[in-house]
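S.K.: Structure below; questions to follow.
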Amino acid sequence: MMIVTRRAALAGTLAAGIVSRKPRAAEPDALPRLKLLEPPVVPPTITFLDADGAHHSLKDYAGKGIVVNLWATWCAPCIAELPSLDTLAGKLAGQGVVVLPLSSDRGGAAAVQHFYQQHGITKLPILLDPQGAAMRAFGVTGIPATFLLGRKGLECAYVEGDEDWGAPAAIDRVFHLVGS
């Protein structure tokens, strides 16, 4: 007759659990609130302004992966998120992906430029949507909101709320969705 101690039973149970578990990912899921669109859809037609007041549209970036972020300098989650978008922009700039942060601030380019200087934002362009037309066109009720468009110009994913776009796994995921 074999006597099984509590320690042996516990060790056996733990060992069995370890063997049957799925391997863990090296990092937690990147961008957990990202909603994928299957199939991708045609994004709304939007126009926005650069720091000099020139008009632009998404068509100006044809053939590139695009990350459109709707934000404002007075929005606390936007303030938390923007440095990670700056990191994303820097990492993907040479790979045919652009990050377009459309500010709904009514203070214009000066307000955004001041914000960028205060927060060390160096890789993002100053882009303005002072009337909130892009927000209405995309159908969101709050900011931040981010939309991913692939190289063919179709919207493939979006997030309402802030995310950590600068994490290595997030950068890889964005590139996989819009840059490849």
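Ligands are numbered from 1 in the order shown, chains are lettered A, B, ... in the order of the structure tokens, and residues start at 1 in each chain.
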Find the residues around region 37-52 of chain A up to 12 Å (only C-alpha atoms counted), leave out those fewer than 6 positions away in its own chain, and share them as a ChimeraX atom specification.

M.R.: /A:58-60,66-68,70,100-105,107-113,124-139,147-159,177-178

S.K.: Within 10 Å of Pro32 (chain A), counting only C-alpha atoms, which residues qualify if same-chain residues fewer than 6 places away don't, as an MDAnalysis selection string?

M.R.: chainID A and resid 159 163:164 170

S.K.: Fewer than 4 positions away in the same chain doesn't count, so skip those; otherwise give me all residues within 12 Å of Ala93 (chain A), counting only C-alpha atoms, as a PyMOL selection string.

M.R.: chain A and resi 64-67+85-89+97-100+123-125+171+175+179

S.K.: Those selected residues, please, written with C-alpha atoms and delivered as a CSV table (one decimal), in the first residue's frame.

M.R.:
```
chain,number,residue,atom,x,y,z
A,64,LYS,CA,0.2,54.3,-46.5
A,65,GLY,CA,-1.1,52.8,-43.3
A,66,ILE,CA,-2.9,55.4,-41.3
A,67,VAL,CA,-3.6,55.8,-37.6
A,85,LEU,CA,1.2,57.8,-30.0
A,86,ASP,CA,4.3,59.8,-30.4
A,87,THR,CA,6.4,56.7,-29.8
A,88,LEU,CA,4.2,54.8,-32.3
A,89,ALA,CA,4.7,57.5,-34.9
A,97,VAL,CA,2.6,54.3,-41.6
A,98,VAL,CA,1.5,57.7,-40.5
A,99,VAL,CA,-0.1,58.8,-37.3
A,100,LEU,CA,-2.6,61.7,-37.7
A,123,LYS,CA,7.2,63.0,-33.9
A,124,LEU,CA,3.5,63.9,-34.4
A,125,PRO,CA,2.3,66.6,-36.8
A,171,ILE,CA,3.5,48.7,-32.3
A,175,PHE,CA,2.0,47.4,-38.2
A,179,GLY,CA,1.4,48.5,-42.6
```

S.K.: According to DSSP computed on the backbone, where in chain A is there strand (DSSP E or B)? Give the residues as a PyMOL selection string.

M.R.: chain A and resi 35-41+47-50+55-57+65-71+97-103+127-128+145-149+155-160

S.K.: Keeping only N, CA and C atoms, write the selected residues to a file as a CSV table (one decimal), in the first residue's frame.

M.R.:
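File produced: selection-v1.csv:
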```csv
chain,number,residue,atom,x,y,z
A,35,LYS,N,-11.2,47.0,-31.6
A,35,LYS,CA,-12.3,46.3,-32.2
A,35,LYS,C,-11.9,46.2,-33.7
A,36,LEU,N,-11.8,44.9,-34.2
A,36,LEU,CA,-11.5,44.7,-35.6
A,36,LEU,C,-12.7,44.7,-36.4
A,37,LEU,N,-12.6,45.2,-37.6
A,37,LEU,CA,-13.8,45.3,-38.6
A,37,LEU,C,-13.6,44.3,-39.7
A,38,GLU,N,-14.4,43.3,-39.7
A,38,GLU,CA,-14.4,42.2,-40.7
A,38,GLU,C,-15.7,42.2,-41.5
A,39,PRO,N,-15.7,42.5,-42.7
A,39,PRO,CA,-14.6,43.0,-43.5
A,39,PRO,C,-14.3,44.5,-43.2
A,40,PRO,N,-13.1,45.0,-43.6
A,40,PRO,CA,-12.8,46.4,-43.4
A,40,PRO,C,-13.8,47.2,-44.2
A,41,VAL,N,-14.0,48.5,-43.8
A,41,VAL,CA,-15.0,49.3,-44.4
A,41,VAL,C,-14.3,50.6,-44.9
A,47,THR,N,-11.9,66.1,-43.7
A,47,THR,CA,-10.8,67.0,-44.0
A,47,THR,C,-10.4,67.6,-42.7
A,48,PHE,N,-9.2,68.1,-42.7
A,48,PHE,CA,-8.6,68.7,-41.4
A,48,PHE,C,-7.5,69.6,-41.9
A,49,LEU,N,-7.0,70.4,-40.9
A,49,LEU,CA,-6.1,71.5,-41.2
A,49,LEU,C,-4.7,71.1,-40.6
A,50,ASP,N,-3.6,71.6,-41.3
A,50,ASP,CA,-2.3,71.5,-40.7
A,50,ASP,C,-2.0,72.8,-39.9
A,55,HIS,N,-5.6,72.7,-45.9
A,55,HIS,CA,-6.6,71.6,-45.8
A,55,HIS,C,-6.0,70.3,-46.3
A,56,HIS,N,-6.3,69.2,-45.6
A,56,HIS,CA,-5.8,67.9,-46.0
A,56,HIS,C,-7.0,66.9,-45.8
A,57,SER,N,-6.8,65.7,-46.5
A,57,SER,CA,-7.8,64.6,-46.3
A,57,SER,C,-7.0,63.3,-46.2
A,65,GLY,N,-0.2,53.1,-44.4
A,65,GLY,CA,-1.1,52.8,-43.3
A,65,GLY,C,-1.3,54.0,-42.5
A,66,ILE,N,-2.5,54.2,-42.0
A,66,ILE,CA,-2.9,55.4,-41.3
A,66,ILE,C,-3.5,55.1,-39.9
A,67,VAL,N,-3.1,55.8,-38.9
A,67,VAL,CA,-3.6,55.8,-37.6
A,67,VAL,C,-4.2,57.2,-37.3
A,68,VAL,N,-5.5,57.3,-37.3
A,68,VAL,CA,-6.2,58.6,-37.0
A,68,VAL,C,-6.6,58.6,-35.6
A,69,ASN,N,-6.1,59.6,-34.9
A,69,ASN,CA,-6.5,59.8,-33.4
A,69,ASN,C,-7.2,61.1,-33.2
A,70,LEU,N,-8.4,61.0,-32.6
A,70,LEU,CA,-9.2,62.2,-32.3
A,70,LEU,C,-8.9,62.5,-30.8
A,71,TRP,N,-8.5,63.8,-30.6
A,71,TRP,CA,-8.1,64.1,-29.2
A,71,TRP,C,-8.2,65.6,-29.0
A,97,VAL,N,3.8,54.1,-42.4
A,97,VAL,CA,2.6,54.3,-41.6
A,97,VAL,C,2.7,55.7,-41.0
A,98,VAL,N,1.6,56.4,-41.1
A,98,VAL,CA,1.5,57.7,-40.5
A,98,VAL,C,0.5,57.8,-39.4
A,99,VAL,N,0.8,58.6,-38.4
A,99,VAL,CA,-0.1,58.8,-37.3
A,99,VAL,C,-0.6,60.2,-37.4
A,100,LEU,N,-1.9,60.4,-37.5
A,100,LEU,CA,-2.6,61.7,-37.7
A,100,LEU,C,-3.4,62.0,-36.5
A,101,PRO,N,-2.8,62.8,-35.6
A,101,PRO,CA,-3.6,63.2,-34.4
A,101,PRO,C,-4.4,64.5,-34.7
A,102,LEU,N,-5.7,64.3,-34.8
A,102,LEU,CA,-6.6,65.5,-35.1
A,102,LEU,C,-7.1,66.1,-33.8
A,103,SER,N,-6.6,67.3,-33.5
A,103,SER,CA,-7.0,68.0,-32.3
A,103,SER,C,-8.3,68.8,-32.5
A,127,LEU,N,-2.2,68.8,-36.3
A,127,LEU,CA,-3.3,68.7,-37.2
A,127,LEU,C,-4.6,69.1,-36.4
A,128,LEU,N,-5.5,69.8,-37.1
A,128,LEU,CA,-6.6,70.4,-36.4
A,128,LEU,C,-7.9,70.0,-37.0
A,145,ALA,N,-10.4,58.7,-29.5
A,145,ALA,CA,-10.9,57.6,-30.4
A,145,ALA,C,-9.8,57.5,-31.5
A,146,THR,N,-9.5,56.3,-31.8
A,146,THR,CA,-8.4,56.0,-32.8
A,146,THR,C,-8.9,55.0,-33.8
A,147,PHE,N,-8.6,55.3,-35.1
A,147,PHE,CA,-9.1,54.5,-36.2
A,147,PHE,C,-7.9,54.0,-37.0
A,148,LEU,N,-7.8,52.8,-37.4
A,148,LEU,CA,-6.7,52.2,-38.1
A,148,LEU,C,-7.2,51.9,-39.6
A,149,LEU,N,-6.4,52.5,-40.5
A,149,LEU,CA,-6.7,52.3,-41.9
A,149,LEU,C,-5.5,51.6,-42.6
A,155,GLU,N,-10.8,51.1,-43.4
A,155,GLU,CA,-10.8,51.1,-41.9
A,155,GLU,C,-10.9,49.7,-41.5
A,156,CYS,N,-9.9,49.2,-40.7
A,156,CYS,CA,-9.8,47.8,-40.3
A,156,CYS,C,-10.0,47.6,-38.8
A,157,ALA,N,-9.9,48.7,-38.0
A,157,ALA,CA,-10.0,48.6,-36.6
A,157,ALA,C,-10.2,50.0,-36.0
A,158,TYR,N,-10.7,50.0,-34.7
A,158,TYR,CA,-10.9,51.2,-34.0
A,158,TYR,C,-10.9,51.0,-32.5
A,159,VAL,N,-10.6,52.0,-31.8
A,159,VAL,CA,-10.7,52.0,-30.3
A,159,VAL,C,-11.3,53.3,-29.8
A,160,GLU,N,-12.3,53.2,-28.9
A,160,GLU,CA,-12.8,54.4,-28.3
A,160,GLU,C,-12.2,54.3,-26.9
```

S.K.: Which residue gives the smallest distance to His119 (chain A) among A:Gly63, A:Gly142, A:Ala80, A:Ala169, with only C-alpha atoms counted?

M.R.: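 When distances to His119 (chain A) are compared using only C-alpha atoms, the smallest one comes from A:Ala80.
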
S.K.: Could you please determine the separation between CA of Gly90 (chain A) and CA of Pro168 (chain A) in Å, to one decimal place?

M.R.: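 Between CA of Gly90 (chain A) and CA of Pro168 (chain A) the gap is 12.2 Å.
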
S.K.: Looking only at alpha helix (DSSP H) from DSSP on the backbone, list the matching residues of chain A as a PDB file with N, CA and C atoms, in the first residue's frame.

M.R.:
```pdb
ATOM      1  N   ARG A   6       0.135  14.900   1.901  1.00  0.00           N
ATOM      2  CA  ARG A   6      -0.466  16.115   1.329  1.00  0.00           C
ATOM      3  C   ARG A   6       0.512  16.801   0.379  1.00  0.00           C
ATOM      4  N   ARG A   7       1.773  16.834   0.771  1.00  0.00           N
ATOM      5  CA  ARG A   7       2.777  17.494  -0.064  1.00  0.00           C
ATOM      6  C   ARG A   7       2.881  16.798  -1.419  1.00  0.00           C
ATOM      7  N   ALA A   8       2.895  15.492  -1.449  1.00  0.00           N
ATOM      8  CA  ALA A   8       2.992  14.739  -2.693  1.00  0.00           C
ATOM      9  C   ALA A   8       1.738  14.956  -3.544  1.00  0.00           C
ATOM     10  N   ALA A   9       0.577  14.955  -2.907  1.00  0.00           N
ATOM     11  CA  ALA A   9      -0.670  15.172  -3.651  1.00  0.00           C
ATOM     12  C   ALA A   9      -0.688  16.564  -4.259  1.00  0.00           C
ATOM     13  N   LEU A  10      -0.272  17.552  -3.478  1.00  0.00           N
ATOM     14  CA  LEU A  10      -0.233  18.928  -3.968  1.00  0.00           C
ATOM     15  C   LEU A  10       0.767  19.064  -5.108  1.00  0.00           C
ATOM     16  N   ALA A  11       1.942  18.472  -4.965  1.00  0.00           N
ATOM     17  CA  ALA A  11       2.960  18.551  -6.013  1.00  0.00           C
ATOM     18  C   ALA A  11       2.453  17.896  -7.291  1.00  0.00           C
ATOM     19  N   GLY A  12       1.790  16.771  -7.169  1.00  0.00           N
ATOM     20  CA  GLY A  12       1.243  16.091  -8.344  1.00  0.00           C
ATOM     21  C   GLY A  12       0.170  16.906  -9.019  1.00  0.00           C
ATOM     22  N   THR A  13      -0.697  17.537  -8.233  1.00  0.00           N
ATOM     23  CA  THR A  13      -1.765  18.370  -8.780  1.00  0.00           C
ATOM     24  C   THR A  13      -1.179  19.571  -9.515  1.00  0.00           C
ATOM     25  N   LEU A  14      -0.185  20.216  -8.900  1.00  0.00           N
ATOM     26  CA  LEU A  14       0.442  21.365  -9.542  1.00  0.00           C
ATOM     27  C   LEU A  14       1.150  20.965 -10.824  1.00  0.00           C
ATOM     28  N   ALA A  15       1.861  19.853 -10.798  1.00  0.00           N
ATOM     29  CA  ALA A  15       2.566  19.391 -11.993  1.00  0.00           C
ATOM     30  C   ALA A  15       1.583  19.081 -13.118  1.00  0.00           C
ATOM     31  N   ALA A  16       0.473  18.447 -12.797  1.00  0.00           N
ATOM     32  CA  ALA A  16      -0.531  18.141 -13.818  1.00  0.00           C
ATOM     33  C   ALA A  16      -1.103  19.417 -14.404  1.00  0.00           C
ATOM     34  N   GLY A  17      -1.317  20.414 -13.560  1.00  0.00           N
ATOM     35  CA  GLY A  17      -1.851  21.686 -14.042  1.00  0.00           C
ATOM     36  C   GLY A  17      -0.882  22.410 -14.950  1.00  0.00           C
ATOM     37  N   ILE A  18       0.383  22.319 -14.620  1.00  0.00           N
ATOM     38  CA  ILE A  18       1.389  22.994 -15.439  1.00  0.00           C
ATOM     39  C   ILE A  18       1.483  22.352 -16.813  1.00  0.00           C
ATOM     40  N   VAL A  19       1.456  21.051 -16.867  1.00  0.00           N
ATOM     41  CA  VAL A  19       1.575  20.359 -18.142  1.00  0.00           C
ATOM     42  C   VAL A  19       0.390  20.656 -19.048  1.00  0.00           C
ATOM     43  N   SER A  20      -0.808  20.745 -18.491  1.00  0.00           N
ATOM     44  CA  SER A  20      -1.984  20.900 -19.325  1.00  0.00           C
ATOM     45  C   SER A  20      -2.295  22.344 -19.700  1.00  0.00           C
ATOM     46  N   ALA A  76      -8.208  64.455 -20.308  1.00  0.00           N
ATOM     47  CA  ALA A  76      -7.246  63.723 -19.473  1.00  0.00           C
ATOM     48  C   ALA A  76      -6.782  62.404 -20.095  1.00  0.00           C
ATOM     49  N   PRO A  77      -7.676  61.546 -20.607  1.00  0.00           N
ATOM     50  CA  PRO A  77      -7.178  60.314 -21.233  1.00  0.00           C
ATOM     51  C   PRO A  77      -6.329  60.587 -22.477  1.00  0.00           C
ATOM     52  N   CYS A  78      -6.656  61.659 -23.192  1.00  0.00           N
ATOM     53  CA  CYS A  78      -5.867  62.024 -24.377  1.00  0.00           C
ATOM     54  C   CYS A  78      -4.451  62.420 -23.962  1.00  0.00           C
ATOM     55  N   ILE A  79      -4.357  63.179 -22.879  1.00  0.00           N
ATOM     56  CA  ILE A  79      -3.057  63.620 -22.368  1.00  0.00           C
ATOM     57  C   ILE A  79      -2.211  62.410 -21.998  1.00  0.00           C
ATOM     58  N   ALA A  80      -2.836  61.413 -21.378  1.00  0.00           N
ATOM     59  CA  ALA A  80      -2.115  60.197 -21.004  1.00  0.00           C
ATOM     60  C   ALA A  80      -1.688  59.388 -22.235  1.00  0.00           C
ATOM     61  N   GLU A  81      -2.507  59.400 -23.269  1.00  0.00           N
ATOM     62  CA  GLU A  81      -2.286  58.562 -24.447  1.00  0.00           C
ATOM     63  C   GLU A  81      -1.294  59.148 -25.446  1.00  0.00           C
ATOM     64  N   LEU A  82      -1.259  60.457 -25.591  1.00  0.00           N
ATOM     65  CA  LEU A  82      -0.507  61.068 -26.689  1.00  0.00           C
ATOM     66  C   LEU A  82       0.986  60.725 -26.707  1.00  0.00           C
ATOM     67  N   PRO A  83       1.683  60.673 -25.572  1.00  0.00           N
ATOM     68  CA  PRO A  83       3.101  60.273 -25.650  1.00  0.00           C
ATOM     69  C   PRO A  83       3.298  58.889 -26.281  1.00  0.00           C
ATOM     70  N   SER A  84       2.381  57.958 -26.042  1.00  0.00           N
ATOM     71  CA  SER A  84       2.530  56.631 -26.657  1.00  0.00           C
ATOM     72  C   SER A  84       2.251  56.687 -28.156  1.00  0.00           C
ATOM     73  N   LEU A  85       1.373  57.579 -28.597  1.00  0.00           N
ATOM     74  CA  LEU A  85       1.165  57.774 -30.034  1.00  0.00           C
ATOM     75  C   LEU A  85       2.406  58.387 -30.681  1.00  0.00           C
ATOM     76  N   ASP A  86       3.098  59.260 -29.940  1.00  0.00           N
ATOM     77  CA  ASP A  86       4.339  59.844 -30.416  1.00  0.00           C
ATOM     78  C   ASP A  86       5.388  58.744 -30.612  1.00  0.00           C
ATOM     79  N   THR A  87       5.462  57.820 -29.670  1.00  0.00           N
ATOM     80  CA  THR A  87       6.375  56.678 -29.793  1.00  0.00           C
ATOM     81  C   THR A  87       6.008  55.835 -31.004  1.00  0.00           C
ATOM     82  N   LEU A  88       4.714  55.534 -31.161  1.00  0.00           N
ATOM     83  CA  LEU A  88       4.236  54.755 -32.304  1.00  0.00           C
ATOM     84  C   LEU A  88       4.631  55.430 -33.615  1.00  0.00           C
ATOM     85  N   ALA A  89       4.413  56.730 -33.702  1.00  0.00           N
ATOM     86  CA  ALA A  89       4.747  57.482 -34.920  1.00  0.00           C
ATOM     87  C   ALA A  89       6.236  57.374 -35.234  1.00  0.00           C
ATOM     88  N   GLY A  90       7.062  57.489 -34.220  1.00  0.00           N
ATOM     89  CA  GLY A  90       8.502  57.396 -34.429  1.00  0.00           C
ATOM     90  C   GLY A  90       8.945  56.022 -34.893  1.00  0.00           C
ATOM     91  N   LYS A  91       8.358  54.984 -34.332  1.00  0.00           N
ATOM     92  CA  LYS A  91       8.736  53.610 -34.673  1.00  0.00           C
ATOM     93  C   LYS A  91       8.267  53.202 -36.069  1.00  0.00           C
ATOM     94  N   LEU A  92       7.132  53.731 -36.519  1.00  0.00           N
ATOM     95  CA  LEU A  92       6.565  53.290 -37.794  1.00  0.00           C
ATOM     96  C   LEU A  92       6.772  54.272 -38.946  1.00  0.00           C
ATOM     97  N   GLY A 108      -6.483  76.354 -31.719  1.00  0.00           N
ATOM     98  CA  GLY A 108      -5.693  76.248 -32.931  1.00  0.00           C
ATOM     99  C   GLY A 108      -4.318  75.654 -32.725  1.00  0.00           C
ATOM    100  N   ALA A 109      -3.474  75.883 -33.715  1.00  0.00           N
ATOM    101  CA  ALA A 109      -2.138  75.303 -33.738  1.00  0.00           C
ATOM    102  C   ALA A 109      -1.303  75.725 -32.537  1.00  0.00           C
ATOM    103  N   ALA A 110      -1.492  76.954 -32.072  1.00  0.00           N
ATOM    104  CA  ALA A 110      -0.696  77.432 -30.935  1.00  0.00           C
ATOM    105  C   ALA A 110      -0.960  76.599 -29.677  1.00  0.00           C
ATOM    106  N   ALA A 111      -2.209  76.243 -29.435  1.00  0.00           N
ATOM    107  CA  ALA A 111      -2.551  75.423 -28.259  1.00  0.00           C
ATOM    108  C   ALA A 111      -1.919  74.042 -28.366  1.00  0.00           C
ATOM    109  N   VAL A 112      -1.969  73.463 -29.550  1.00  0.00           N
ATOM    110  CA  VAL A 112      -1.396  72.127 -29.751  1.00  0.00           C
ATOM    111  C   VAL A 112       0.125  72.189 -29.657  1.00  0.00           C
ATOM    112  N   GLN A 113       0.721  73.197 -30.274  1.00  0.00           N
ATOM    113  CA  GLN A 113       2.178  73.337 -30.220  1.00  0.00           C
ATOM    114  C   GLN A 113       2.649  73.487 -28.774  1.00  0.00           C
ATOM    115  N   HIS A 114       1.951  74.286 -27.996  1.00  0.00           N
ATOM    116  CA  HIS A 114       2.292  74.467 -26.575  1.00  0.00           C
ATOM    117  C   HIS A 114       2.186  73.134 -25.838  1.00  0.00           C
ATOM    118  N   PHE A 115       1.117  72.385 -26.096  1.00  0.00           N
ATOM    119  CA  PHE A 115       0.932  71.075 -25.476  1.00  0.00           C
ATOM    120  C   PHE A 115       2.086  70.146 -25.854  1.00  0.00           C
ATOM    121  N   TYR A 116       2.437  70.087 -27.140  1.00  0.00           N
ATOM    122  CA  TYR A 116       3.527  69.225 -27.596  1.00  0.00           C
ATOM    123  C   TYR A 116       4.827  69.582 -26.870  1.00  0.00           C
ATOM    124  N   GLN A 117       5.107  70.870 -26.738  1.00  0.00           N
ATOM    125  CA  GLN A 117       6.338  71.295 -26.053  1.00  0.00           C
ATOM    126  C   GLN A 117       6.322  70.879 -24.594  1.00  0.00           C
ATOM    127  N   GLN A 118       5.190  71.042 -23.922  1.00  0.00           N
ATOM    128  CA  GLN A 118       5.076  70.669 -22.510  1.00  0.00           C
ATOM    129  C   GLN A 118       5.255  69.179 -22.277  1.00  0.00           C
ATOM    130  N   HIS A 119       4.835  68.354 -23.232  1.00  0.00           N
ATOM    131  CA  HIS A 119       4.824  66.901 -23.046  1.00  0.00           C
ATOM    132  C   HIS A 119       5.890  66.164 -23.861  1.00  0.00           C
ATOM    133  N   ALA A 133     -15.615  67.870 -36.856  1.00  0.00           N
ATOM    134  CA  ALA A 133     -16.241  67.221 -38.010  1.00  0.00           C
ATOM    135  C   ALA A 133     -15.807  65.764 -38.148  1.00  0.00           C
ATOM    136  N   ALA A 134     -14.536  65.468 -37.868  1.00  0.00           N
ATOM    137  CA  ALA A 134     -14.055  64.087 -37.981  1.00  0.00           C
ATOM    138  C   ALA A 134     -14.740  63.202 -36.939  1.00  0.00           C
ATOM    139  N   MET A 135     -14.927  63.725 -35.755  1.00  0.00           N
ATOM    140  CA  MET A 135     -15.599  62.963 -34.700  1.00  0.00           C
ATOM    141  C   MET A 135     -17.030  62.614 -35.133  1.00  0.00           C
ATOM    142  N   ARG A 136     -17.727  63.587 -35.675  1.00  0.00           N
ATOM    143  CA  ARG A 136     -19.091  63.324 -36.155  1.00  0.00           C
ATOM    144  C   ARG A 136     -19.087  62.340 -37.318  1.00  0.00           C
ATOM    145  N   ALA A 137     -18.146  62.497 -38.236  1.00  0.00           N
ATOM    146  CA  ALA A 137     -18.080  61.626 -39.405  1.00  0.00           C
ATOM    147  C   ALA A 137     -17.805  60.174 -39.012  1.00  0.00           C
ATOM    148  N   PHE A 138     -16.927  59.969 -38.033  1.00  0.00           N
ATOM    149  CA  PHE A 138     -16.628  58.610 -37.574  1.00  0.00           C
ATOM    150  C   PHE A 138     -17.715  58.083 -36.632  1.00  0.00           C
ATOM    151  N   PRO A 168       5.928  47.687 -27.307  1.00  0.00           N
ATOM    152  CA  PRO A 168       6.402  46.931 -28.471  1.00  0.00           C
ATOM    153  C   PRO A 168       5.341  46.024 -29.098  1.00  0.00           C
ATOM    154  N   ALA A 169       4.556  45.325 -28.285  1.00  0.00           N
ATOM    155  CA  ALA A 169       3.519  44.443 -28.825  1.00  0.00           C
ATOM    156  C   ALA A 169       2.434  45.245 -29.541  1.00  0.00           C
ATOM    157  N   ALA A 170       2.125  46.447 -29.045  1.00  0.00           N
ATOM    158  CA  ALA A 170       1.120  47.301 -29.689  1.00  0.00           C
ATOM    159  C   ALA A 170       1.642  47.810 -31.030  1.00  0.00           C
ATOM    160  N   ILE A 171       2.891  48.203 -31.068  1.00  0.00           N
ATOM    161  CA  ILE A 171       3.493  48.682 -32.320  1.00  0.00           C
ATOM    162  C   ILE A 171       3.466  47.566 -33.358  1.00  0.00           C
ATOM    163  N   ASP A 172       3.830  46.360 -32.943  1.00  0.00           N
ATOM    164  CA  ASP A 172       3.797  45.212 -33.864  1.00  0.00           C
ATOM    165  C   ASP A 172       2.383  44.957 -34.378  1.00  0.00           C
ATOM    166  N   ARG A 173       1.410  45.045 -33.475  1.00  0.00           N
ATOM    167  CA  ARG A 173       0.027  44.767 -33.877  1.00  0.00           C
ATOM    168  C   ARG A 173      -0.484  45.819 -34.866  1.00  0.00           C
ATOM    169  N   VAL A 174      -0.194  47.083 -34.596  1.00  0.00           N
ATOM    170  CA  VAL A 174      -0.611  48.151 -35.511  1.00  0.00           C
ATOM    171  C   VAL A 174       0.033  47.939 -36.873  1.00  0.00           C
TER     172      VAL A 174
END
```

S.K.: Rounded to one decimal, what separation in Å do you get between CA of Gly94 (chain A) and CA of Ala54 (chain A)?

M.R.: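 The value is 24.1 Å.
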
S.K.: CA of Trp165 (chain A) and CA of Gly53 (chain A) are how many Å apart?

M.R.: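 For CA of Trp165 (chain A) relative to CA of Gly53 (chain A), the distance reads 27.7 Å.
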